[in-house]
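The file my_file-v5.cif comes next; it holds mmCIF, C-alpha atoms.
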data_start
loop_
_atom_site.group_PDB
_atom_site.id
_atom_site.type_symbol
_atom_site.label_atom_id
_atom_site.label_comp_id
_atom_site.auth_asym_id
_atom_site.auth_seq_id
_atom_site.Cartn_x
_atom_site.Cartn_y
_atom_site.Cartn_z
ATOM 1 C CA MET A 1 -175.085 41.063 -58.162
ATOM 2 C CA SER A 2 -175.258 37.512 -59.262
ATOM 3 C CA PRO A 3 -177.763 35.481 -57.254
ATOM 4 C CA ASP A 4 -175.136 32.726 -57.270
ATOM 5 C CA GLU A 5 -172.740 34.940 -55.277
ATOM 6 C CA VAL A 6 -175.338 35.569 -52.581
ATOM 7 C CA HIS A 7 -176.283 31.888 -52.518
ATOM 8 C CA GLU A 8 -172.638 30.874 -52.117
ATOM 9 C CA ALA A 9 -172.202 33.209 -49.138
ATOM 10 C CA ILE A 10 -175.496 32.028 -47.607
ATOM 11 C CA ALA A 11 -174.446 28.393 -48.108
ATOM 12 C CA GLY A 12 -171.210 29.148 -46.233
ATOM 13 C CA GLU A 13 -173.134 30.837 -43.424
ATOM 14 C CA LEU A 14 -175.482 27.865 -43.067
ATOM 15 C CA SER A 15 -172.535 25.453 -43.154
ATOM 16 C CA LEU A 16 -170.962 27.237 -40.196
ATOM 17 C CA MET A 17 -174.138 26.481 -38.191
ATOM 18 C CA ASP A 18 -173.927 22.756 -38.980
ATOM 19 C CA PRO A 19 -172.436 20.816 -36.028
ATOM 20 C CA ALA A 20 -170.539 18.506 -38.401
ATOM 21 C CA VAL A 21 -168.790 21.515 -39.982
ATOM 22 C CA ARG A 22 -168.301 23.421 -36.720
ATOM 23 C CA SER A 23 -166.342 20.496 -35.266
ATOM 24 C CA SER A 24 -164.205 19.906 -38.393
ATOM 25 C CA ALA A 25 -161.353 21.506 -40.311
ATOM 26 C CA GLU A 26 -163.930 22.764 -42.831
ATOM 27 C CA ALA A 27 -164.818 25.584 -40.407
ATOM 28 C CA ALA A 28 -161.273 26.978 -40.614
ATOM 29 C CA ARG A 29 -161.526 27.050 -44.411
ATOM 30 C CA LEU A 30 -164.812 28.990 -44.257
ATOM 31 C CA LEU A 31 -163.327 31.688 -42.015
ATOM 32 C CA ASP A 32 -161.141 34.404 -43.516
ATOM 33 C CA PRO A 33 -157.628 34.576 -41.965
ATOM 34 C CA GLU A 34 -158.487 38.174 -40.924
ATOM 35 C CA PHE A 35 -161.817 37.074 -39.383
ATOM 36 C CA VAL A 36 -163.209 38.934 -36.361
ATOM 37 C CA GLU A 37 -166.465 38.268 -34.505
ATOM 38 C CA VAL A 38 -168.314 40.163 -31.821
ATOM 39 C CA GLY A 39 -170.571 37.524 -30.301
ATOM 40 C CA ALA A 40 -173.962 37.969 -28.673
ATOM 41 C CA SER A 41 -172.099 37.874 -25.347
ATOM 42 C CA GLY A 42 -170.067 40.926 -26.401
ATOM 43 C CA ARG A 43 -166.859 38.902 -26.565
ATOM 44 C CA ARG A 44 -164.503 39.576 -29.476
ATOM 45 C CA TYR A 45 -162.999 36.570 -31.288
ATOM 46 C CA THR A 46 -160.118 36.451 -33.746
ATOM 47 C CA TYR A 47 -159.633 33.796 -36.418
ATOM 48 C CA GLU A 48 -157.203 31.857 -34.244
ATOM 49 C CA GLU A 49 -159.485 31.948 -31.202
ATOM 50 C CA MET A 50 -162.555 30.901 -33.171
ATOM 51 C CA VAL A 51 -160.817 28.034 -34.968
ATOM 52 C CA ALA A 52 -159.513 26.750 -31.621
ATOM 53 C CA GLU A 53 -162.802 27.149 -29.735
ATOM 54 C CA LEU A 54 -165.511 26.467 -32.350
ATOM 55 C CA PRO A 55 -165.613 22.669 -31.860
ATOM 56 C CA ASP A 56 -166.582 23.287 -28.201
ATOM 57 C CA HIS A 57 -168.894 26.262 -28.814
ATOM 58 C CA PRO A 58 -172.648 25.949 -28.322
ATOM 59 C CA GLY A 59 -174.243 24.469 -31.418
ATOM 60 C CA SER A 60 -171.251 22.274 -32.258
ATOM 61 C CA ALA A 61 -172.364 18.995 -30.649
ATOM 62 C CA ALA A 62 -174.047 16.560 -33.046
ATOM 63 C CA ASP A 63 -176.631 15.605 -30.429
ATOM 64 C CA GLY A 64 -177.032 19.081 -28.918
ATOM 65 C CA PRO A 65 -179.138 22.146 -29.683
ATOM 66 C CA ARG A 66 -178.754 23.793 -33.100
ATOM 67 C CA TYR A 67 -179.007 27.334 -34.396
ATOM 68 C CA GLU A 68 -182.301 27.901 -36.225
ATOM 69 C CA PRO A 69 -181.750 30.643 -38.843
ATOM 70 C CA SER A 70 -184.505 32.628 -40.559
ATOM 71 C CA GLN A 71 -184.965 35.602 -42.875
ATOM 72 C CA ILE A 72 -181.493 35.365 -44.452
ATOM 73 C CA THR A 73 -180.877 38.078 -47.025
ATOM 74 C CA GLY A 74 -177.741 39.263 -48.752
ATOM 75 C CA VAL A 75 -176.411 42.123 -50.847
ATOM 76 C CA LEU A 76 -173.178 42.632 -52.737
ATOM 77 C CA LEU A 77 -171.392 45.682 -51.300
ATOM 78 C CA ALA A 78 -168.502 45.516 -53.787
ATOM 79 C CA PRO A 79 -167.005 42.835 -56.016
ATOM 80 C CA GLY A 80 -166.050 39.968 -53.702
ATOM 81 C CA LEU A 81 -167.767 41.446 -50.615
ATOM 82 C CA ALA A 82 -171.239 40.300 -49.538
ATOM 83 C CA HIS A 83 -173.253 41.376 -46.496
ATOM 84 C CA LEU A 84 -175.713 38.897 -44.978
ATOM 85 C CA THR A 85 -178.335 39.595 -42.314
ATOM 86 C CA TYR A 86 -180.649 37.162 -40.543
ATOM 87 C CA GLU A 87 -182.019 36.020 -37.201
ATOM 88 C CA THR A 88 -181.356 32.896 -35.201
ATOM 89 C CA VAL A 89 -183.040 31.122 -32.333
ATOM 90 C CA PHE A 90 -180.808 29.004 -30.112
ATOM 91 C CA GLU A 91 -182.162 27.376 -26.963
ATOM 92 C CA GLY A 92 -185.086 29.811 -27.055
ATOM 93 C CA LYS A 93 -182.882 32.925 -27.345
ATOM 94 C CA ARG A 94 -183.135 35.151 -30.412
ATOM 95 C CA ALA A 95 -180.262 37.081 -31.988
ATOM 96 C CA ARG A 96 -179.993 39.358 -34.995
ATOM 97 C CA ARG A 97 -176.881 38.587 -36.998
ATOM 98 C CA SER A 98 -174.789 40.340 -39.606
ATOM 99 C CA SER A 99 -171.896 38.807 -41.545
ATOM 100 C CA LEU A 100 -169.472 40.081 -44.133
ATOM 101 C CA TRP A 101 -168.247 37.452 -46.597
ATOM 102 C CA ARG A 102 -165.178 38.063 -48.722
ATOM 103 C CA LYS A 103 -164.036 36.266 -51.879
ATOM 104 C CA GLN A 104 -160.449 37.123 -52.731
ATOM 105 C CA SER A 105 -159.940 34.412 -55.355
ATOM 106 C CA GLU A 106 -161.597 31.405 -56.938
ATOM 107 C CA ASP A 107 -159.163 29.190 -55.003
ATOM 108 C CA THR A 108 -160.248 30.454 -51.568
ATOM 109 C CA GLY A 109 -163.913 30.992 -52.413
ATOM 110 C CA TRP A 110 -166.227 32.866 -50.068
ATOM 111 C CA ARG A 111 -165.024 33.197 -46.463
ATOM 112 C CA MET A 112 -166.595 34.875 -43.455
ATOM 113 C CA TYR A 113 -164.622 38.061 -42.761
ATOM 114 C CA HIS A 114 -166.691 39.591 -39.930
ATOM 115 C CA HIS A 115 -169.642 38.488 -37.819
ATOM 116 C CA GLN A 116 -171.759 40.401 -35.314
ATOM 117 C CA ALA A 117 -174.537 38.939 -33.156
ATOM 118 C CA THR A 118 -176.932 41.113 -31.153
ATOM 119 C CA PRO A 119 -179.277 39.528 -28.600
ATOM 120 C CA VAL A 120 -182.983 40.283 -29.046
ATOM 121 C CA PRO A 121 -184.789 40.801 -25.736
ATOM 122 C CA PRO A 122 -187.944 38.722 -25.316
ATOM 123 C CA SER A 123 -190.028 41.914 -25.287
ATOM 124 C CA ALA A 124 -188.792 43.033 -28.743
ATOM 125 C CA LEU A 125 -190.834 42.338 -31.839
#

Would you mind writing the structure in this file as structure tokens?
Amino acid sequence: MSPDEVHEAIAGELSLMDPAVRSSAEAARLLDPEFVEVGASGRRYTYEEMVAELPDHPGSAADGPRYEPSQITGVLLAPGLAHLTYETVFEGKRARRSSLWRKQSEDTGWRMYHHQATPVPPSAL
């Protein structure tokens, strides 16, 4: 796997945590049209729901709290399919996260295809 491919997917992931991106049309471009998320709350989101709701989601306000990511790693599962894992802290709450990024063409670039967030209880290491 080219390190550039992993870095491109990681850059997209980090962009989606940036309040300026979350509240702009750029977020829709970074999400795959077949995107699905299972959030830390357990709620399932489709592409349409996420694009509509992301500007108002936690972490989207320029002057509000931000996601603090750490330990981001990635592997290429197949050509054009990268899997990223990492942890975030948001308002003191930790979550383990897993994202699949898909690149179908040079024109579309890397887009988040699936995202899963799992809350980490305070007692967990």

With 7 Å as the cut-off and all atoms listed in the file counted, what is the closest atom pair between each nearby residue of stretch 27-78 of chain A and stretch 13-21 of chain A? Distances in Å to one decimal, ordered by chain and number, as JSON lines.
{"residue": "A:Ala27", "atom": "CA", "partner": "A:Val21", "partner_atom": "CA", "distance": 5.7}
{"residue": "A:Gly59", "atom": "CA", "partner": "A:Pro19", "partner_atom": "CA", "distance": 6.2}
{"residue": "A:Ser60", "atom": "CA", "partner": "A:Pro19", "partner_atom": "CA", "distance": 4.2}
{"residue": "A:Ala61", "atom": "CA", "partner": "A:Pro19", "partner_atom": "CA", "distance": 5.7}
{"residue": "A:Ala62", "atom": "CA", "partner": "A:Pro19", "partner_atom": "CA", "distance": 5.4}
{"residue": "A:Tyr67", "atom": "CA", "partner": "A:Met17", "partner_atom": "CA", "distance": 6.2}

Generate the output file for the selected residues, C-alpha atoms, as a JSON list (two decimals), keeping the file's coordinate frame.
[["chain", "number", "residue", "atom", "x", "y", "z"],
["A", 27, "ALA", "CA", -164.82, 25.58, -40.41],
["A", 59, "GLY", "CA", -174.24, 24.47, -31.42],
["A", 60, "SER", "CA", -171.25, 22.27, -32.26],
["A", 61, "ALA", "CA", -172.36, 19.00, -30.65],
["A", 62, "ALA", "CA", -174.05, 16.56, -33.05],
["A", 67, "TYR", "CA", -179.01, 27.33, -34.40]]

Check your understanding: Skipping near chain neighbours, those fewer than 4 positions away, what residues fall within 9 Å of A:Pro69 using only C-alpha atoms, listed as a list in words?
Key -> Leu14, Met17, Tyr86, Glu87, Thr88, Val89 and Phe90 of chain A

Exercise for review: Spell out the residues picked by the PyMOL selection byres ((chain A and resi 44-47) around 9) here, as a ChimeraX atom specification.
Suggested key: /A:28,31-39,41-43,48-52

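Closest approach to A:Lys93 from the set A:Gly64, A:Gly80, A:Gly109, A:Pro121 is made by A:Pro121, with distances taken over all atoms listed in the file.
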
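Comparing A:Leu77, A:Ala124, A:Ala11, A:Leu54 by their smallest distance to A:Arg102, the closest is A:Leu77 (using only C-alpha atoms).
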
Practice item. Would you kindly identify which residues have an atom no farther than 6 Å from (-168.9, 34.3, -45.4), using all atoms listed in the file and the file's own coordinates, and write them out as a list in words? Key: Ala9, Gly12, Glu13, Leu100, Trp101, Trp110, Arg111 and Met112 of chain A

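Of the residues under consideration (A:Ala40, A:Val6, A:Glu106, A:Ser24), A:Ala40 shows the shortest atom-to-atom contact distance to A:Val120 when counting only C-alpha atoms.
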
**Study point:** Pick from A:Val75, A:Lys103, A:Arg94, A:Arg66, whichever lies nearest to A:Arg22 using only C-alpha atoms
**Key:** A:Arg66

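Minimum atom-to-atom distance to A:Gly74, evaluated using only C-alpha atoms, belongs to A:Arg97 out of A:Arg97, A:Arg29, A:Asp107, A:Pro122.
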
Practice item. Determine, counting all atoms listed in the file, every residue of protein, DNA or RNA that lies within 6 Å of (-179.3, 40.9, -31.5) in the file coordinates, then give the result as a ChimeraX atom specification. Key: /A:95-96,117-120

Put those residues in a file: C-alpha atoms, as a compact mmCIF listing (two decimals), in the frame of the given file.
# COMPACT_ATOMS: atom_id res chain seq x y z
CA ALA A 95 -180.26 37.08 -31.99
CA ARG A 96 -179.99 39.36 -34.99
CA ALA A 117 -174.54 38.94 -33.16
CA THR A 118 -176.93 41.11 -31.15
CA PRO A 119 -179.28 39.53 -28.60
CA VAL A 120 -182.98 40.28 -29.05

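From atom CA of A:Gly92 back to atom CA of A:Ile72, the distance works out to 18.6 Å.
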
Exercise for review: May I ask for the distance between atom CA of A:Pro65 and atom CA of A:His83, given in Å to one decimal place?
Suggested key: 26.2 Å

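Here the question is which of A:Gln71, A:Pro58, A:Pro79, A:Ile10 gets nearest to A:Ser99 using all atoms listed in the file, and that residue is A:Ile10.
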
Please report, as lines of an AutoDock Vina configuration file, the centre and edge lengths in Å to one decimal of an axis-aligned box covering all listed atoms of stretch 27-46 of chain A with 4 Å per side.
center_x = -165.8
center_y = 33.3
center_z = -34.9
size_x = 24.3
size_y = 23.3
size_z = 27.1
